[in-house]
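Shown next: input.txt, given as compact mmCIF, C-alpha atoms.
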```txt
# COMPACT_ATOMS: atom_id res chain seq x y z
CA MET L 1 122.29 60.61 33.15
CA PRO L 2 119.26 58.80 34.59
CA LEU L 3 118.92 58.64 38.36
CA THR L 4 119.45 55.15 39.74
CA ILE L 5 118.04 54.15 43.11
CA ALA L 6 119.34 51.01 44.75
CA LEU L 7 116.52 49.11 46.41
CA PRO L 8 117.25 46.71 49.29
CA LEU L 9 116.81 43.05 48.44
CA ARG L 10 114.26 41.06 50.41
CA SER L 11 114.81 37.38 51.11
CA VAL L 12 112.24 34.97 49.73
CA GLY L 13 109.74 34.05 52.40
CA CYS L 14 110.28 37.13 54.55
CA GLY L 15 107.29 39.09 55.80
CA PRO L 16 106.39 42.60 54.66
CA MET L 17 108.94 45.29 55.31
CA PRO L 18 107.74 47.49 58.18
CA ILE L 19 107.22 51.17 57.40
CA GLY L 20 108.11 53.60 60.14
CA LYS L 21 108.76 52.82 63.77
CA ALA L 22 106.17 50.58 65.37
CA GLY L 23 104.94 51.31 68.86
CA GLU L 24 103.97 48.90 71.57
CA PRO L 25 100.99 46.78 70.37
CA VAL L 26 98.60 48.19 72.96
CA SER L 27 95.48 50.39 72.82
CA HIS L 28 94.05 52.11 75.89
CA ILE L 29 90.75 53.19 74.34
CA SER L 30 88.21 50.38 74.19
CA GLN L 31 87.51 46.65 74.15
CA ALA L 32 84.25 44.85 73.38
CA HIS L 33 83.40 41.71 75.40
CA PRO L 34 80.44 39.34 75.00
CA ASP L 35 78.56 40.94 77.90
CA ARG L 36 79.95 44.48 78.08
CA VAL L 37 81.95 47.23 76.39
CA GLU L 38 84.84 48.78 78.28
CA VAL L 39 85.96 52.30 77.35
CA ARG L 40 89.01 53.87 78.96
CA GLY L 41 88.63 51.46 81.89
CA ARG L 42 84.95 52.27 82.41
CA ASP L 43 81.82 50.23 81.76
CA LEU L 44 80.00 51.79 78.80
CA THR L 45 76.46 50.71 79.70
CA GLY L 46 76.88 50.45 83.46
CA ASP L 47 78.62 53.78 83.97
CA LEU L 48 79.03 56.10 81.00
CA MET L 49 75.67 55.87 79.23
CA GLY L 50 73.21 58.18 80.97
CA ARG L 51 75.92 59.90 83.01
CA LEU L 52 78.20 61.61 80.48
CA SER L 53 77.16 64.05 77.78
CA PHE L 54 78.64 63.47 74.34
CA THR L 55 81.07 66.34 74.88
CA GLU L 56 82.26 64.77 78.13
CA TYR L 57 82.52 61.40 76.42
CA PHE L 58 84.51 62.91 73.54
CA HIS L 59 86.95 64.36 76.08
CA LEU L 60 87.28 60.97 77.76
CA LEU L 61 87.89 59.23 74.44
CA LEU L 62 90.38 61.85 73.31
CA THR L 63 92.41 62.29 76.49
CA GLY L 64 91.66 59.32 78.72
CA ASP L 65 90.21 61.54 81.45
CA GLU L 66 86.80 62.96 82.22
CA PRO L 67 86.78 66.75 81.83
CA THR L 68 86.73 69.37 84.52
CA ASP L 69 83.79 71.77 84.47
CA ASP L 70 85.84 74.35 82.56
CA GLN L 71 87.14 71.79 80.05
CA ARG L 72 83.61 70.58 79.37
CA TYR L 73 82.25 74.13 79.10
CA PHE L 74 84.86 75.31 76.63
CA LEU L 75 84.89 72.11 74.62
CA ASP L 76 81.16 72.61 74.15
CA LEU L 77 81.71 76.27 73.31
CA LEU L 78 84.42 75.60 70.74
CA LEU L 79 82.44 72.84 69.04
CA VAL L 80 79.49 75.23 68.70
CA ALA L 81 81.74 78.05 67.48
CA ILE L 82 83.30 76.15 64.57
CA ALA L 83 80.57 73.70 63.49
CA GLU L 84 78.92 75.83 60.82
CA HIS L 85 79.92 78.70 58.58
CA GLY L 86 77.56 78.70 55.62
CA MET L 87 78.07 77.35 52.11
CA MET L 88 81.75 76.60 52.53
CA PRO L 89 83.49 74.46 49.86
CA THR L 90 83.40 71.49 52.25
CA ASN L 91 79.60 71.68 52.49
CA VAL L 92 79.26 72.23 48.75
CA ALA L 93 81.48 69.21 48.00
CA ALA L 94 79.46 67.06 50.39
CA ARG L 95 76.12 68.16 48.91
CA MET L 96 77.27 67.56 45.34
CA THR L 97 78.65 64.14 46.30
CA LEU L 98 75.30 63.16 47.82
CA ALA L 99 73.49 64.45 44.71
CA ALA L 100 75.68 62.18 42.59
CA ASP L 101 75.21 59.18 44.91
CA PRO L 102 72.12 59.67 47.11
CA GLY L 103 72.69 56.37 48.93
CA SER L 104 76.18 57.26 50.13
CA LEU L 105 75.70 59.53 53.13
CA GLN L 106 79.01 58.34 54.56
CA GLY L 107 80.75 59.06 51.27
CA ALA L 108 79.35 62.57 51.19
CA VAL L 109 80.52 63.20 54.77
CA ALA L 110 83.94 61.85 53.86
CA ALA L 111 84.09 64.11 50.79
CA GLY L 112 83.43 67.12 53.00
CA ILE L 113 85.94 66.12 55.68
CA LEU L 114 88.63 65.47 53.07
CA GLY L 115 88.30 69.10 52.04
CA CYS L 116 88.81 70.39 55.59
CA GLY L 117 92.31 71.73 55.16
CA PRO L 118 93.79 74.82 56.85
CA VAL L 119 92.21 77.24 54.35
CA ILE L 120 88.69 76.05 55.17
CA LEU L 121 88.93 74.36 58.56
CA GLY L 122 91.28 76.90 60.09
CA THR L 123 94.83 76.72 61.34
CA SER L 124 94.09 75.76 64.95
CA GLU L 125 96.73 73.02 64.92
CA ALA L 126 99.37 75.38 63.51
CA CYS L 127 98.32 77.99 66.09
CA ALA L 128 98.78 75.45 68.87
CA HIS L 129 102.32 74.65 67.73
CA LEU L 130 103.08 78.36 67.36
CA LEU L 131 101.84 79.10 70.88
CA ASP L 132 103.62 76.08 72.34
CA ASP L 133 106.95 77.15 70.81
CA ALA L 134 106.44 80.76 71.87
CA GLN L 135 105.54 79.75 75.42
CA ALA L 136 108.68 77.62 75.65
CA THR L 137 110.69 80.73 74.76
CA VAL L 138 108.77 82.78 77.33
CA ALA L 139 109.43 80.14 79.98
CA SER L 140 113.15 80.50 79.39
CA GLY L 141 112.97 84.10 80.58
CA ASN L 142 111.67 86.21 77.68
CA GLU L 143 108.74 88.63 77.68
CA PRO L 144 105.61 87.41 75.84
CA ALA L 145 105.26 90.63 73.82
CA ALA L 146 108.91 90.53 72.74
CA VAL L 147 108.63 86.88 71.70
CA ALA L 148 105.49 87.58 69.67
CA GLU L 149 107.10 90.59 68.01
CA GLU L 150 110.17 88.61 66.96
CA VAL L 151 108.12 85.73 65.56
CA ALA L 152 105.69 87.99 63.69
CA ARG L 153 108.51 90.05 62.21
CA SER L 154 110.39 86.96 61.03
CA VAL L 155 107.25 85.50 59.41
CA HIS L 156 106.50 88.81 57.69
CA ASP L 157 110.06 89.27 56.46
CA VAL L 158 110.04 85.94 54.59
CA GLY L 159 106.61 86.62 53.07
CA GLY L 160 104.85 84.04 55.23
CA ARG L 161 101.41 83.98 56.83
CA LEU L 162 101.00 84.09 60.60
CA PRO L 163 98.66 81.26 61.67
CA GLY L 164 95.42 82.48 63.19
CA PHE L 165 95.35 85.87 61.46
CA GLY L 166 93.37 87.07 58.47
CA HIS L 167 89.87 86.21 57.30
CA PRO L 168 88.12 86.77 53.95
CA VAL L 169 84.77 87.67 55.55
CA HIS L 170 85.19 88.74 59.16
CA ARG L 171 86.82 92.19 59.29
CA PRO L 172 88.06 93.89 61.37
CA LEU L 173 87.06 91.32 64.02
CA ASP L 174 85.98 87.70 63.94
CA PRO L 175 82.98 87.68 66.31
CA ARG L 176 83.58 84.03 67.22
CA ALA L 177 87.15 84.72 68.28
CA GLU L 178 86.13 87.73 70.36
CA ARG L 179 83.39 85.77 72.16
CA ILE L 180 85.77 82.91 73.02
CA LEU L 181 88.28 85.35 74.53
CA GLU L 182 85.52 87.19 76.38
CA LEU L 183 84.22 84.01 77.99
CA ALA L 184 87.74 82.79 78.77
CA ASP L 185 88.30 86.02 80.70
CA GLU L 186 84.92 85.81 82.44
CA ARG L 187 85.48 82.26 83.63
CA GLY L 188 89.08 82.87 84.67
CA VAL L 189 90.71 80.36 82.35
CA SER L 190 92.76 82.82 80.31
CA GLY L 191 96.38 81.89 80.89
CA PRO L 192 99.77 82.29 79.23
CA HIS L 193 98.61 81.04 75.83
CA VAL L 194 95.68 83.47 75.67
CA LEU L 195 98.09 86.21 76.69
CA LEU L 196 100.40 85.20 73.85
CA ALA L 197 97.49 85.17 71.39
CA ARG L 198 96.75 88.77 72.28
CA CYS L 199 100.45 89.63 72.02
CA PHE L 200 100.50 88.10 68.55
CA ARG L 201 97.54 90.29 67.56
CA ASP L 202 99.51 93.42 68.47
CA ALA L 203 102.72 92.06 66.95
CA ALA L 204 100.98 91.17 63.68
CA ALA L 205 99.55 94.68 63.37
CA ALA L 206 103.02 96.15 63.91
CA ALA L 207 104.78 93.78 61.49
CA TRP L 208 102.23 94.14 58.69
CA GLY L 209 101.60 97.82 59.31
CA LYS L 210 97.84 97.32 59.70
CA PRO L 211 95.46 95.41 61.98
CA LEU L 212 94.94 91.76 61.01
CA THR L 213 91.80 89.90 62.03
CA MET L 214 92.48 87.32 64.70
CA ASN L 215 90.35 84.48 63.39
CA VAL L 216 88.66 81.79 65.45
CA ALA L 217 91.56 79.32 65.08
CA MET L 218 93.86 81.25 67.43
CA PRO L 219 91.51 81.44 70.46
CA ILE L 220 90.55 77.79 69.95
CA ALA L 221 94.19 76.79 70.27
CA ALA L 222 94.99 79.25 73.06
CA VAL L 223 92.07 78.29 75.30
CA MET L 224 92.57 74.57 74.76
CA LEU L 225 96.25 74.82 75.66
CA ASP L 226 95.47 76.89 78.76
CA LEU L 227 92.97 74.21 79.79
CA GLY L 228 95.62 71.51 79.54
CA PHE L 229 94.77 69.92 76.19
CA PRO L 230 97.83 68.59 74.34
CA SER L 231 98.53 70.47 71.11
CA ALA L 232 98.12 67.22 69.15
CA THR L 233 94.42 67.10 70.12
CA VAL L 234 93.52 70.65 69.03
CA LYS L 235 92.68 69.81 65.41
CA ALA L 236 90.22 67.15 66.55
CA VAL L 237 87.78 69.83 67.70
CA PRO L 238 87.16 71.55 64.34
CA ILE L 239 87.04 68.18 62.56
CA LEU L 240 84.36 66.85 64.92
CA ALA L 241 82.47 70.14 64.83
CA ARG L 242 82.44 70.39 61.04
CA THR L 243 81.19 66.80 60.84
CA ALA L 244 78.05 67.93 62.65
CA GLY L 245 77.65 70.82 60.22
CA LEU L 246 78.11 68.51 57.25
CA LEU L 247 75.41 66.16 58.52
CA ALA L 248 73.01 69.09 58.81
CA HIS L 249 73.70 70.17 55.23
CA LEU L 250 73.26 66.60 54.01
CA ALA L 251 69.97 66.18 55.87
CA GLU L 252 68.75 69.34 54.14
CA GLU L 253 70.13 68.08 50.82
CA GLN L 254 68.07 64.90 51.16
CA GLU L 255 64.89 66.92 51.73
CA ARG L 256 65.53 69.83 49.35
CA PRO L 257 68.27 68.92 46.89
CA ILE L 258 70.44 71.74 45.55
CA GLY L 259 73.59 69.79 44.69
CA PHE L 260 72.91 69.75 40.96
CA LEU L 261 71.86 73.41 41.11
CA MET L 262 75.34 74.14 42.50
CA ALA L 263 76.90 72.10 39.72
CA GLY L 264 74.87 74.00 37.11
CA SER L 265 75.90 77.33 38.64
CA ALA L 266 79.52 76.29 38.40
CA GLU L 267 79.09 75.51 34.71
CA GLU L 268 77.55 78.95 34.16
CA ALA L 269 80.22 80.77 36.17
CA ILE L 270 83.25 79.22 34.45
CA ARG L 271 84.04 80.21 30.88
CA TYR L 272 85.49 77.58 28.59
CA GLU L 273 88.36 78.57 26.29
CA ALA L 274 90.02 76.20 23.85
CA GLY L 275 93.73 76.13 24.55
CA PRO L 276 96.86 74.09 24.02
CA GLY L 277 96.62 70.44 24.92
```
C-alpha cells encoding of this file:
Amino acid sequence: MPLTIALPLRSVGCGPMPIGKAGEPVSHISQAHPDRVEVRGRDLTGDLMGRLSFTEYFHLLLTGDEPTDDQRYFLDLLLVAIAEHGMMPTNVAARMTLAADPGSLQGAVAAGILGCGPVILGTSEACAHLLDDAQATVASGNEPAAVAEEVARSVHDVGGRLPGFGHPVHRPLDPRAERILELADERGVSGPHVLLARCFRDAAAAAWGKPLTMNVAMPIAAVMLDLGFPSATVKAVPILARTAGLLAHLAEEQERPIGFLMAGSAEEAIRYEAGPG
C-alpha cells in the first residue's frame, strides 16, 4: 500500500512557511555606515586596523572578545598545525576544479572546502563534544580515567570509532598532536580537557588492545576548550586553516598546473570493466 503523507494546506495570500525556529532578528558582528565600519562595537579603521593581527581579529569576530595572550598564541599555533598536509583529496579537488575553470579561484576554494569532512579535516568538533560530555561526568564526581575507560569501552563494544584516534600516516605518534600538548604543558594552559585527552589515549589502548595514534584533532579540541572556547567554535579553526592551504595550492596551480596531470593519473589508475547497467 503506498505511503500517503498529509501536507498542511496554506491559505492563499499567506507568506512562506517558516522552517525551523527563528531567533531574534539581531546580529552582533558588524555594520557598515557611510563613513565607518563597526565590528563587534569597535571602529574598524580607527581602532582595529593596525592594532590587531588577523588571528586576534578572527578571535574577535568568532567570539566577540579580543583574545588573551594564551588564546592568541594557541589560536596561531593550531592554525599553523592544521593548515597543510600535502596532496590531500581537498587540495586535489581544488586543483582539478581550477584546471577545469581557471577563472574561478573562488569556485576552486569552495570545491576544496566542501570536501573538508571529518575523514580529511579531522574530528575536532566531535572531539570537543566528547570532551565536553566527559568533563560534565567528571564534574559530577567521577574520576577522569574511569570516565574515559567507560566511554572508550562502550565505543569499542559497538564497533565504533573513538574521535581523535587513528591516522593513516602518522604512527605511532602524530607529531602535530604531541607538539600541541608539549606547548600546552610548557605554557601552563593544560587543564581538565587536556587531562581527559590523555586519559582517552590510555583508555583507547586498553579497549582496542593496542596503542592508537592520538591525531591532531584531539589536542586542538582539548586546548581550545581549556582556553575557554565554546565547543561550537572548534571546527572553525581547521576550516580557516585549510582555506589558507588551499589558496597556496591554487597559487601554485596557476603557475605550474598539474590538475590535468592528476586527472590523467586517475584515468590510468582506475581499471574500467563493463558490467550490468
Residues within 12 Å of segment 265-277 of chain L, only C-alpha atoms, excluding chain neighbours under 6 positions, as a list in words: Val92, Met96, Ile258 and Gly259 of chain L
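Counting from atom CA of Glu125 of chain L, the distance to atom CA of Leu225 of chain L is 10.9 Å.
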Kindly list the centre and edge lengths in Å, rounded to one decimal, for the axis-aligned box that covers all listed atoms of segment 49-53 of chain L plus 4 Å on each of its six sides, as lines of an AutoDock Vina configuration file.
```
center_x = 75.7
center_y = 60.0
center_z = 80.4
size_x = 13.0
size_y = 16.2
size_z = 13.2
```
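Closest to Val80 of chain L among L:Pro175, L:Ala136, L:Leu121, L:Pro238 is L:Pro238, based on all atoms listed in the file.
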Pick from L:Met87, L:Leu183, L:Leu75, L:Leu250, whichever lies nearest to Ser104 of chain L using only C-alpha atoms: L:Leu250
Residues within 10 Å of segment 242-245 of chain L, all atoms listed in the file, excluding chain neighbours under 5 positions, as a PyMOL selection string: chain L and resi 79-80+82-86+90-91+109-110+112-113+116+121+237+250-251
Non-local contacts of Pro102 of chain L (12 Å; all atoms listed in the file; under 4 positions in same chain excluded) as a VMD selection string: chain L and resid 94 to 98 106 to 109 250 to 251 253 to 255 257 259 to 260
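For the residues L:Gln31, L:Gly188, L:Ala99, L:Ala203, ranking by smallest atom-to-atom distance to Arg153 of chain L using only C-alpha atoms places L:Ala203 first.
Computed from the coordinates, the atom CA of Pro192 of chain L to atom CA of Ala221 of chain L distance equals 11.9 Å.
Among the candidate residues L:Met224, L:Leu196, L:Ile120, L:Ala152, the one lying nearest to Gln135 of chain L is L:Leu196, with distances computed using all atoms listed in the file.
Taking atom CA of Asp35 of chain L and atom CA of Tyr57 of chain L as endpoints, the distance between them is 20.9 Å.
Across L:Phe200, L:Phe74, L:Phe58, L:Phe165, the tightest approach to Asn215 of chain L is made by L:Phe165 when counting only C-alpha atoms.
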Output requested as a PDB file, keeping the file's coordinate frame - segment 65-100 of chain L, filled out with N, CA and C atoms.
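And here is the file that came out, rebuild-v9.pdb:
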```pdb
ATOM      1  N   ASP L  65      90.731  61.018  80.192  1.00  0.00           N
ATOM      2  CA  ASP L  65      90.210  61.540  81.450  1.00  0.00           C
ATOM      3  C   ASP L  65      88.863  62.208  81.232  1.00  0.00           C
ATOM      4  N   GLU L  66      88.028  62.200  82.271  1.00  0.00           N
ATOM      5  CA  GLU L  66      86.800  62.960  82.220  1.00  0.00           C
ATOM      6  C   GLU L  66      87.133  64.439  82.428  1.00  0.00           C
ATOM      7  N   PRO L  67      86.405  65.333  81.777  1.00  0.00           N
ATOM      8  CA  PRO L  67      86.780  66.750  81.830  1.00  0.00           C
ATOM      9  C   PRO L  67      86.416  67.416  83.142  1.00  0.00           C
ATOM     10  N   THR L  68      87.151  68.468  83.455  1.00  0.00           N
ATOM     11  CA  THR L  68      86.730  69.370  84.520  1.00  0.00           C
ATOM     12  C   THR L  68      85.540  70.179  84.008  1.00  0.00           C
ATOM     13  N   ASP L  69      84.924  70.940  84.891  1.00  0.00           N
ATOM     14  CA  ASP L  69      83.790  71.770  84.470  1.00  0.00           C
ATOM     15  C   ASP L  69      84.209  72.753  83.381  1.00  0.00           C
ATOM     16  N   ASP L  70      85.383  73.377  83.555  1.00  0.00           N
ATOM     17  CA  ASP L  70      85.840  74.350  82.560  1.00  0.00           C
ATOM     18  C   ASP L  70      86.193  73.667  81.239  1.00  0.00           C
ATOM     19  N   GLN L  71      86.813  72.506  81.286  1.00  0.00           N
ATOM     20  CA  GLN L  71      87.140  71.790  80.050  1.00  0.00           C
ATOM     21  C   GLN L  71      85.875  71.407  79.302  1.00  0.00           C
ATOM     22  N   ARG L  72      84.870  70.925  80.028  1.00  0.00           N
ATOM     23  CA  ARG L  72      83.610  70.580  79.370  1.00  0.00           C
ATOM     24  C   ARG L  72      82.942  71.808  78.782  1.00  0.00           C
ATOM     25  N   TYR L  73      82.903  72.901  79.549  1.00  0.00           N
ATOM     26  CA  TYR L  73      82.250  74.130  79.100  1.00  0.00           C
ATOM     27  C   TYR L  73      82.887  74.651  77.816  1.00  0.00           C
ATOM     28  N   PHE L  74      84.203  74.713  77.793  1.00  0.00           N
ATOM     29  CA  PHE L  74      84.860  75.310  76.630  1.00  0.00           C
ATOM     30  C   PHE L  74      84.937  74.340  75.461  1.00  0.00           C
ATOM     31  N   LEU L  75      84.971  73.052  75.725  1.00  0.00           N
ATOM     32  CA  LEU L  75      84.890  72.110  74.620  1.00  0.00           C
ATOM     33  C   LEU L  75      83.547  72.229  73.932  1.00  0.00           C
ATOM     34  N   ASP L  76      82.491  72.341  74.712  1.00  0.00           N
ATOM     35  CA  ASP L  76      81.160  72.610  74.150  1.00  0.00           C
ATOM     36  C   ASP L  76      81.158  73.908  73.343  1.00  0.00           C
ATOM     37  N   LEU L  77      81.692  74.956  73.949  1.00  0.00           N
ATOM     38  CA  LEU L  77      81.710  76.270  73.310  1.00  0.00           C
ATOM     39  C   LEU L  77      82.446  76.250  71.982  1.00  0.00           C
ATOM     40  N   LEU L  78      83.606  75.615  71.954  1.00  0.00           N
ATOM     41  CA  LEU L  78      84.420  75.600  70.740  1.00  0.00           C
ATOM     42  C   LEU L  78      83.773  74.761  69.648  1.00  0.00           C
ATOM     43  N   LEU L  79      83.146  73.661  70.031  1.00  0.00           N
ATOM     44  CA  LEU L  79      82.440  72.840  69.040  1.00  0.00           C
ATOM     45  C   LEU L  79      81.298  73.633  68.412  1.00  0.00           C
ATOM     46  N   VAL L  80      80.577  74.393  69.229  1.00  0.00           N
ATOM     47  CA  VAL L  80      79.490  75.230  68.700  1.00  0.00           C
ATOM     48  C   VAL L  80      80.053  76.334  67.802  1.00  0.00           C
ATOM     49  N   ALA L  81      81.177  76.918  68.208  1.00  0.00           N
ATOM     50  CA  ALA L  81      81.740  78.050  67.480  1.00  0.00           C
ATOM     51  C   ALA L  81      82.157  77.703  66.064  1.00  0.00           C
ATOM     52  N   ILE L  82      82.640  76.490  65.846  1.00  0.00           N
ATOM     53  CA  ILE L  82      83.300  76.150  64.570  1.00  0.00           C
ATOM     54  C   ILE L  82      82.482  75.197  63.709  1.00  0.00           C
ATOM     55  N   ALA L  83      81.315  74.739  64.208  1.00  0.00           N
ATOM     56  CA  ALA L  83      80.570  73.700  63.490  1.00  0.00           C
ATOM     57  C   ALA L  83      80.021  74.142  62.149  1.00  0.00           C
ATOM     58  N   GLU L  84      79.643  75.411  62.023  1.00  0.00           N
ATOM     59  CA  GLU L  84      78.920  75.830  60.820  1.00  0.00           C
ATOM     60  C   GLU L  84      79.333  77.231  60.407  1.00  0.00           C
ATOM     61  N   HIS L  85      79.493  77.400  59.079  1.00  0.00           N
ATOM     62  CA  HIS L  85      79.920  78.700  58.580  1.00  0.00           C
ATOM     63  C   HIS L  85      79.384  78.952  57.176  1.00  0.00           C
ATOM     64  N   GLY L  86      78.187  78.420  56.901  1.00  0.00           N
ATOM     65  CA  GLY L  86      77.560  78.700  55.620  1.00  0.00           C
ATOM     66  C   GLY L  86      77.974  77.741  54.517  1.00  0.00           C
ATOM     67  N   MET L  87      77.798  78.183  53.283  1.00  0.00           N
ATOM     68  CA  MET L  87      78.070  77.350  52.110  1.00  0.00           C
ATOM     69  C   MET L  87      79.571  77.316  51.795  1.00  0.00           C
ATOM     70  N   MET L  88      80.315  76.744  52.734  1.00  0.00           N
ATOM     71  CA  MET L  88      81.750  76.600  52.530  1.00  0.00           C
ATOM     72  C   MET L  88      82.009  75.507  51.494  1.00  0.00           C
ATOM     73  N   PRO L  89      83.183  75.501  50.851  1.00  0.00           N
ATOM     74  CA  PRO L  89      83.490  74.460  49.860  1.00  0.00           C
ATOM     75  C   PRO L  89      83.309  73.045  50.394  1.00  0.00           C
ATOM     76  N   THR L  90      83.583  72.834  51.684  1.00  0.00           N
ATOM     77  CA  THR L  90      83.400  71.490  52.250  1.00  0.00           C
ATOM     78  C   THR L  90      81.932  71.073  52.187  1.00  0.00           C
ATOM     79  N   ASN L  91      81.032  71.997  52.542  1.00  0.00           N
ATOM     80  CA  ASN L  91      79.600  71.680  52.490  1.00  0.00           C
ATOM     81  C   ASN L  91      79.109  71.523  51.060  1.00  0.00           C
ATOM     82  N   VAL L  92      79.629  72.343  50.159  1.00  0.00           N
ATOM     83  CA  VAL L  92      79.260  72.230  48.750  1.00  0.00           C
ATOM     84  C   VAL L  92      79.712  70.885  48.187  1.00  0.00           C
ATOM     85  N   ALA L  93      80.953  70.499  48.488  1.00  0.00           N
ATOM     86  CA  ALA L  93      81.480  69.210  48.000  1.00  0.00           C
ATOM     87  C   ALA L  93      80.645  68.058  48.524  1.00  0.00           C
ATOM     88  N   ALA L  94      80.264  68.138  49.807  1.00  0.00           N
ATOM     89  CA  ALA L  94      79.460  67.060  50.390  1.00  0.00           C
ATOM     90  C   ALA L  94      78.092  66.989  49.739  1.00  0.00           C
ATOM     91  N   ARG L  95      77.446  68.141  49.532  1.00  0.00           N
ATOM     92  CA  ARG L  95      76.120  68.160  48.910  1.00  0.00           C
ATOM     93  C   ARG L  95      76.173  67.615  47.479  1.00  0.00           C
ATOM     94  N   MET L  96      77.178  68.017  46.722  1.00  0.00           N
ATOM     95  CA  MET L  96      77.270  67.560  45.340  1.00  0.00           C
ATOM     96  C   MET L  96      77.601  66.073  45.273  1.00  0.00           C
ATOM     97  N   THR L  97      78.362  65.583  46.243  1.00  0.00           N
ATOM     98  CA  THR L  97      78.650  64.140  46.300  1.00  0.00           C
ATOM     99  C   THR L  97      77.374  63.361  46.583  1.00  0.00           C
ATOM    100  N   LEU L  98      76.553  63.855  47.508  1.00  0.00           N
ATOM    101  CA  LEU L  98      75.300  63.160  47.820  1.00  0.00           C
ATOM    102  C   LEU L  98      74.342  63.234  46.633  1.00  0.00           C
ATOM    103  N   ALA L  99      74.345  64.348  45.900  1.00  0.00           N
ATOM    104  CA  ALA L  99      73.490  64.450  44.710  1.00  0.00           C
ATOM    105  C   ALA L  99      73.890  63.408  43.676  1.00  0.00           C
ATOM    106  N   ALA L 100      75.203  63.152  43.562  1.00  0.00           N
ATOM    107  CA  ALA L 100      75.680  62.180  42.590  1.00  0.00           C
ATOM    108  C   ALA L 100      75.446  60.747  43.055  1.00  0.00           C
TER     109      ALA L 100
END
```
